[in-house]
Amino acid sequence: MSRRIGRSGPKGKEHILVDGYNVIFAHAKFKDLAETSIADARDKLAEILADYQGATGHDITLVFDGHKSKGNLGMITSHANVNIVYTKEGETADHMIESLAAGLSRGAVVRVVTSDYTEQIVSFGQGAFRMSAREFIREIASTKQSLRQNYLGLQTVKHNLLIDNLDESTAEWLENMRHARAHKGGKGNEPV
């Protein structure tokens, strides 16, 4: 493996460990994409988690099984602040998540996302909170909706008039010009 996943940030910071294939096969959209291309499903999940990470600031590690791949040495990479772990031959995502949960729970709040009941129990025993894949997908959707509503609520209608962007003397000169034109018989609201 090329990098280590370690404790990052102050005590109390949340670190979310995601069983990648468990989430992919728990959601119809991902599952349909996986039938066409498992690589595309992994990439899409990583993109969604990157957006979620950006919105929440949580540390996220996405773990994929590589234990059945002959000669697989495993790999750790990242995508937009999301750590992505591909386990090595003979090592399951469950085992990697258990190991990470045990190490991280001493310095951060750890949440394990999996629908695997046994993995949930073991992670809970390591001091991590547990969440099913479907609950996590709903949380991501809720976070996205909240951000959208906040963004739309902050939008104000702003008139972008030339006069509002001019220095005071130029604005005054144009205003005087408009008034002079109005007094000569023109319509005061015609463009200058």
# chains A, B, ... in the order shown; residues from 1 in each chain; ligands from 1

$ select_by_dssp --residues "region 35-187 of chain A" --states "strand (DSSP E or B)" --output "MDAnalysis selection string"
chainID A and resid 59:64 75:79 82:86 109:113 129:131

$ write_last_selection --atoms "C-alpha atoms" --output "CSV table (one decimal), in the first residue's frame"
chain,number,residue,atom,x,y,z
A,59,ASP,CA,-13.1,12.7,6.9
A,60,ILE,CA,-14.2,9.9,4.6
A,61,THR,CA,-12.5,6.6,3.7
A,62,LEU,CA,-14.2,4.5,1.0
A,63,VAL,CA,-13.1,0.8,1.2
A,64,PHE,CA,-13.5,-1.7,-1.7
A,75,MET,CA,-3.9,0.4,-3.1
A,76,ILE,CA,-4.7,3.6,-1.2
A,77,THR,CA,-5.6,6.6,-3.3
A,78,SER,CA,-7.8,9.7,-3.0
A,79,HIS,CA,-10.4,11.6,-4.9
A,82,VAL,CA,-11.9,11.2,0.0
A,83,ASN,CA,-9.5,8.4,0.9
A,84,ILE,CA,-10.1,5.3,-1.3
A,85,VAL,CA,-8.8,1.9,-0.2
A,86,TYR,CA,-8.7,-1.2,-2.4
A,109,VAL,CA,-15.8,10.0,16.2
A,110,VAL,CA,-16.0,7.1,13.8
A,111,ARG,CA,-19.1,6.1,11.8
A,112,VAL,CA,-19.1,2.8,9.8
A,113,VAL,CA,-21.4,2.7,6.9
A,129,PHE,CA,-21.1,4.2,15.4
A,130,ARG,CA,-22.9,2.3,12.8
A,131,MET,CA,-25.2,3.3,10.0

$ closest_atom_pairs --of "region 12-73 of chain A" --to "region 98-106 of chain A" --cutoff "10 Å" --atoms "only C-alpha atoms" --output "tab-separated table"
residue	atom	partner	partner_atom	distance
A:Gly12	CA	A:Ser105	CA	9.5
A:Glu14	CA	A:Ser105	CA	9.4
A:His15	CA	A:Leu104	CA	7.7
A:Ile16	CA	A:Ala101	CA	9.2
A:Leu17	CA	A:Ala101	CA	7.6
A:Thr61	CA	A:Leu100	CA	9.3

$ decode --residues "region 169-184 of chain A" --atoms "all heavy atoms" --output "mmCIF file, in the first residue's frame"
data_model
loop_
_atom_site.group_PDB
_atom_site.id
_atom_site.type_symbol
_atom_site.label_atom_id
_atom_site.label_comp_id
_atom_site.auth_asym_id
_atom_site.auth_seq_id
_atom_site.Cartn_x
_atom_site.Cartn_y
_atom_site.Cartn_z
ATOM 1 N N SER A 169 -18.758 61.086 -9.455
ATOM 2 C CA SER A 169 -18.769 62.228 -10.389
ATOM 3 C C SER A 169 -19.305 61.818 -11.758
ATOM 4 O O SER A 169 -20.053 62.578 -12.388
ATOM 5 C CB SER A 169 -17.375 62.850 -10.518
ATOM 6 O OG SER A 169 -16.468 61.913 -11.074
ATOM 7 N N THR A 170 -18.966 60.640 -12.242
ATOM 8 C CA THR A 170 -19.474 60.181 -13.536
ATOM 9 C C THR A 170 -20.966 59.921 -13.444
ATOM 10 O O THR A 170 -21.730 60.277 -14.358
ATOM 11 C CB THR A 170 -18.732 58.900 -13.989
ATOM 12 O OG1 THR A 170 -17.331 59.163 -14.008
ATOM 13 C CG2 THR A 170 -19.175 58.459 -15.361
ATOM 14 N N ALA A 171 -21.422 59.332 -12.360
ATOM 15 C CA ALA A 171 -22.853 59.085 -12.174
ATOM 16 C C ALA A 171 -23.624 60.402 -12.147
ATOM 17 O O ALA A 171 -24.697 60.525 -12.754
ATOM 18 C CB ALA A 171 -23.077 58.297 -10.893
ATOM 19 N N GLU A 172 -23.073 61.412 -11.464
ATOM 20 C CA GLU A 172 -23.720 62.715 -11.390
ATOM 21 C C GLU A 172 -23.773 63.371 -12.772
ATOM 22 O O GLU A 172 -24.800 63.943 -13.161
ATOM 23 C CB GLU A 172 -22.957 63.617 -10.404
ATOM 24 C CG GLU A 172 -23.629 64.942 -10.156
ATOM 25 C CD GLU A 172 -22.861 65.782 -9.143
ATOM 26 O OE1 GLU A 172 -22.217 65.195 -8.245
ATOM 27 O OE2 GLU A 172 -22.919 67.014 -9.279
ATOM 28 N N TRP A 173 -22.692 63.281 -13.530
ATOM 29 C CA TRP A 173 -22.636 63.847 -14.880
ATOM 30 C C TRP A 173 -23.710 63.214 -15.769
ATOM 31 O O TRP A 173 -24.432 63.911 -16.484
ATOM 32 C CB TRP A 173 -21.229 63.614 -15.464
ATOM 33 C CG TRP A 173 -21.071 64.118 -16.873
ATOM 34 C CD1 TRP A 173 -20.917 65.423 -17.268
ATOM 35 C CD2 TRP A 173 -21.081 63.324 -18.045
ATOM 36 N NE1 TRP A 173 -20.830 65.488 -18.621
ATOM 37 C CE2 TRP A 173 -20.922 64.196 -19.136
ATOM 38 C CE3 TRP A 173 -21.199 61.972 -18.289
ATOM 39 C CZ2 TRP A 173 -20.882 63.758 -20.441
ATOM 40 C CZ3 TRP A 173 -21.147 61.540 -19.594
ATOM 41 C CH2 TRP A 173 -20.988 62.417 -20.660
ATOM 42 N N LEU A 174 -23.846 61.875 -15.726
ATOM 43 C CA LEU A 174 -24.863 61.192 -16.523
ATOM 44 C C LEU A 174 -26.273 61.574 -16.082
ATOM 45 O O LEU A 174 -27.175 61.753 -16.910
ATOM 46 C CB LEU A 174 -24.682 59.672 -16.449
ATOM 47 C CG LEU A 174 -23.562 59.102 -17.293
ATOM 48 C CD1 LEU A 174 -23.387 57.614 -16.989
ATOM 49 C CD2 LEU A 174 -23.825 59.314 -18.773
ATOM 50 N N GLU A 175 -26.480 61.698 -14.790
ATOM 51 C CA GLU A 175 -27.796 62.072 -14.276
ATOM 52 C C GLU A 175 -28.161 63.478 -14.746
ATOM 53 O O GLU A 175 -29.301 63.733 -15.163
ATOM 54 C CB GLU A 175 -27.806 61.978 -12.741
ATOM 55 C CG GLU A 175 -29.163 62.138 -12.109
ATOM 56 C CD GLU A 175 -30.151 61.030 -12.480
ATOM 57 O OE1 GLU A 175 -29.740 59.917 -12.873
ATOM 58 O OE2 GLU A 175 -31.359 61.291 -12.404
ATOM 59 N N ASN A 176 -27.195 64.403 -14.711
ATOM 60 C CA ASN A 176 -27.433 65.765 -15.194
ATOM 61 C C ASN A 176 -27.760 65.749 -16.686
ATOM 62 O O ASN A 176 -28.638 66.487 -17.155
ATOM 63 C CB ASN A 176 -26.227 66.668 -14.928
ATOM 64 C CG ASN A 176 -26.080 66.986 -13.453
ATOM 65 O OD1 ASN A 176 -27.054 66.916 -12.694
ATOM 66 N ND2 ASN A 176 -24.862 67.322 -13.046
ATOM 67 N N MET A 177 -27.077 64.902 -17.424
ATOM 68 C CA MET A 177 -27.308 64.782 -18.852
ATOM 69 C C MET A 177 -28.728 64.261 -19.121
ATOM 70 O O MET A 177 -29.429 64.752 -20.017
ATOM 71 C CB MET A 177 -26.271 63.827 -19.455
ATOM 72 C CG MET A 177 -26.054 63.978 -20.895
ATOM 73 S SD MET A 177 -24.546 63.073 -21.253
ATOM 74 C CE MET A 177 -24.996 62.442 -22.816
ATOM 75 N N ARG A 178 -29.170 63.310 -18.328
ATOM 76 C CA ARG A 178 -30.511 62.760 -18.481
ATOM 77 C C ARG A 178 -31.560 63.824 -18.186
ATOM 78 O O ARG A 178 -32.550 63.964 -18.915
ATOM 79 C CB ARG A 178 -30.696 61.560 -17.544
ATOM 80 C CG ARG A 178 -32.026 60.836 -17.724
ATOM 81 C CD ARG A 178 -32.133 59.620 -16.828
ATOM 82 N NE ARG A 178 -32.285 59.944 -15.427
ATOM 83 C CZ ARG A 178 -33.444 60.296 -14.844
ATOM 84 N NH1 ARG A 178 -34.546 60.351 -15.538
ATOM 85 N NH2 ARG A 178 -33.488 60.577 -13.565
ATOM 86 N N HIS A 179 -31.345 64.617 -17.124
ATOM 87 C CA HIS A 179 -32.295 65.676 -16.777
ATOM 88 C C HIS A 179 -32.332 66.747 -17.863
ATOM 89 O O HIS A 179 -33.408 67.257 -18.210
ATOM 90 C CB HIS A 179 -31.962 66.305 -15.427
ATOM 91 C CG HIS A 179 -32.327 65.442 -14.265
ATOM 92 N ND1 HIS A 179 -33.628 65.121 -13.973
ATOM 93 C CD2 HIS A 179 -31.556 64.834 -13.314
ATOM 94 C CE1 HIS A 179 -33.652 64.342 -12.907
ATOM 95 N NE2 HIS A 179 -32.398 64.156 -12.494
ATOM 96 N N ALA A 180 -31.183 67.110 -18.404
ATOM 97 C CA ALA A 180 -31.127 68.135 -19.463
ATOM 98 C C ALA A 180 -31.897 67.658 -20.683
ATOM 99 O O ALA A 180 -32.622 68.431 -21.321
ATOM 100 C CB ALA A 180 -29.675 68.437 -19.819
ATOM 101 N N ARG A 181 -31.762 66.416 -21.002
ATOM 102 C CA ARG A 181 -32.464 65.844 -22.160
ATOM 103 C C ARG A 181 -33.972 65.852 -21.917
ATOM 104 O O ARG A 181 -34.754 66.113 -22.839
ATOM 105 C CB ARG A 181 -31.971 64.427 -22.393
ATOM 106 C CG ARG A 181 -32.469 63.860 -23.660
ATOM 107 C CD ARG A 181 -31.791 62.556 -23.905
ATOM 108 N NE ARG A 181 -31.922 62.266 -25.308
ATOM 109 C CZ ARG A 181 -31.459 61.209 -25.897
ATOM 110 N NH1 ARG A 181 -30.781 60.347 -25.197
ATOM 111 N NH2 ARG A 181 -31.640 61.007 -27.164
ATOM 112 N N ALA A 182 -34.360 65.568 -20.698
ATOM 113 C CA ALA A 182 -35.781 65.557 -20.355
ATOM 114 C C ALA A 182 -36.396 66.946 -20.510
ATOM 115 O O ALA A 182 -37.533 67.090 -20.947
ATOM 116 C CB ALA A 182 -35.992 65.031 -18.938
ATOM 117 N N HIS A 183 -35.648 67.988 -20.155
ATOM 118 C CA HIS A 183 -36.156 69.348 -20.238
ATOM 119 C C HIS A 183 -36.230 69.837 -21.671
ATOM 120 O O HIS A 183 -36.953 70.768 -21.980
ATOM 121 C CB HIS A 183 -35.320 70.314 -19.393
ATOM 122 C CG HIS A 183 -35.475 70.069 -17.920
ATOM 123 N ND1 HIS A 183 -36.700 70.122 -17.301
ATOM 124 C CD2 HIS A 183 -34.582 69.785 -16.956
ATOM 125 C CE1 HIS A 183 -36.556 69.875 -16.010
ATOM 126 N NE2 HIS A 183 -35.254 69.667 -15.777
ATOM 127 N N LYS A 184 -35.497 69.242 -22.586
ATOM 128 C CA LYS A 184 -35.518 69.657 -23.990
ATOM 129 C C LYS A 184 -36.610 68.933 -24.760
ATOM 130 O O LYS A 184 -36.641 68.956 -25.959
ATOM 131 C CB LYS A 184 -34.158 69.377 -24.638
ATOM 132 C CG LYS A 184 -33.076 70.288 -24.151
ATOM 133 C CD LYS A 184 -31.797 70.021 -24.904
ATOM 134 C CE LYS A 184 -30.724 70.953 -24.384
ATOM 135 N NZ LYS A 184 -29.473 70.766 -25.080
#
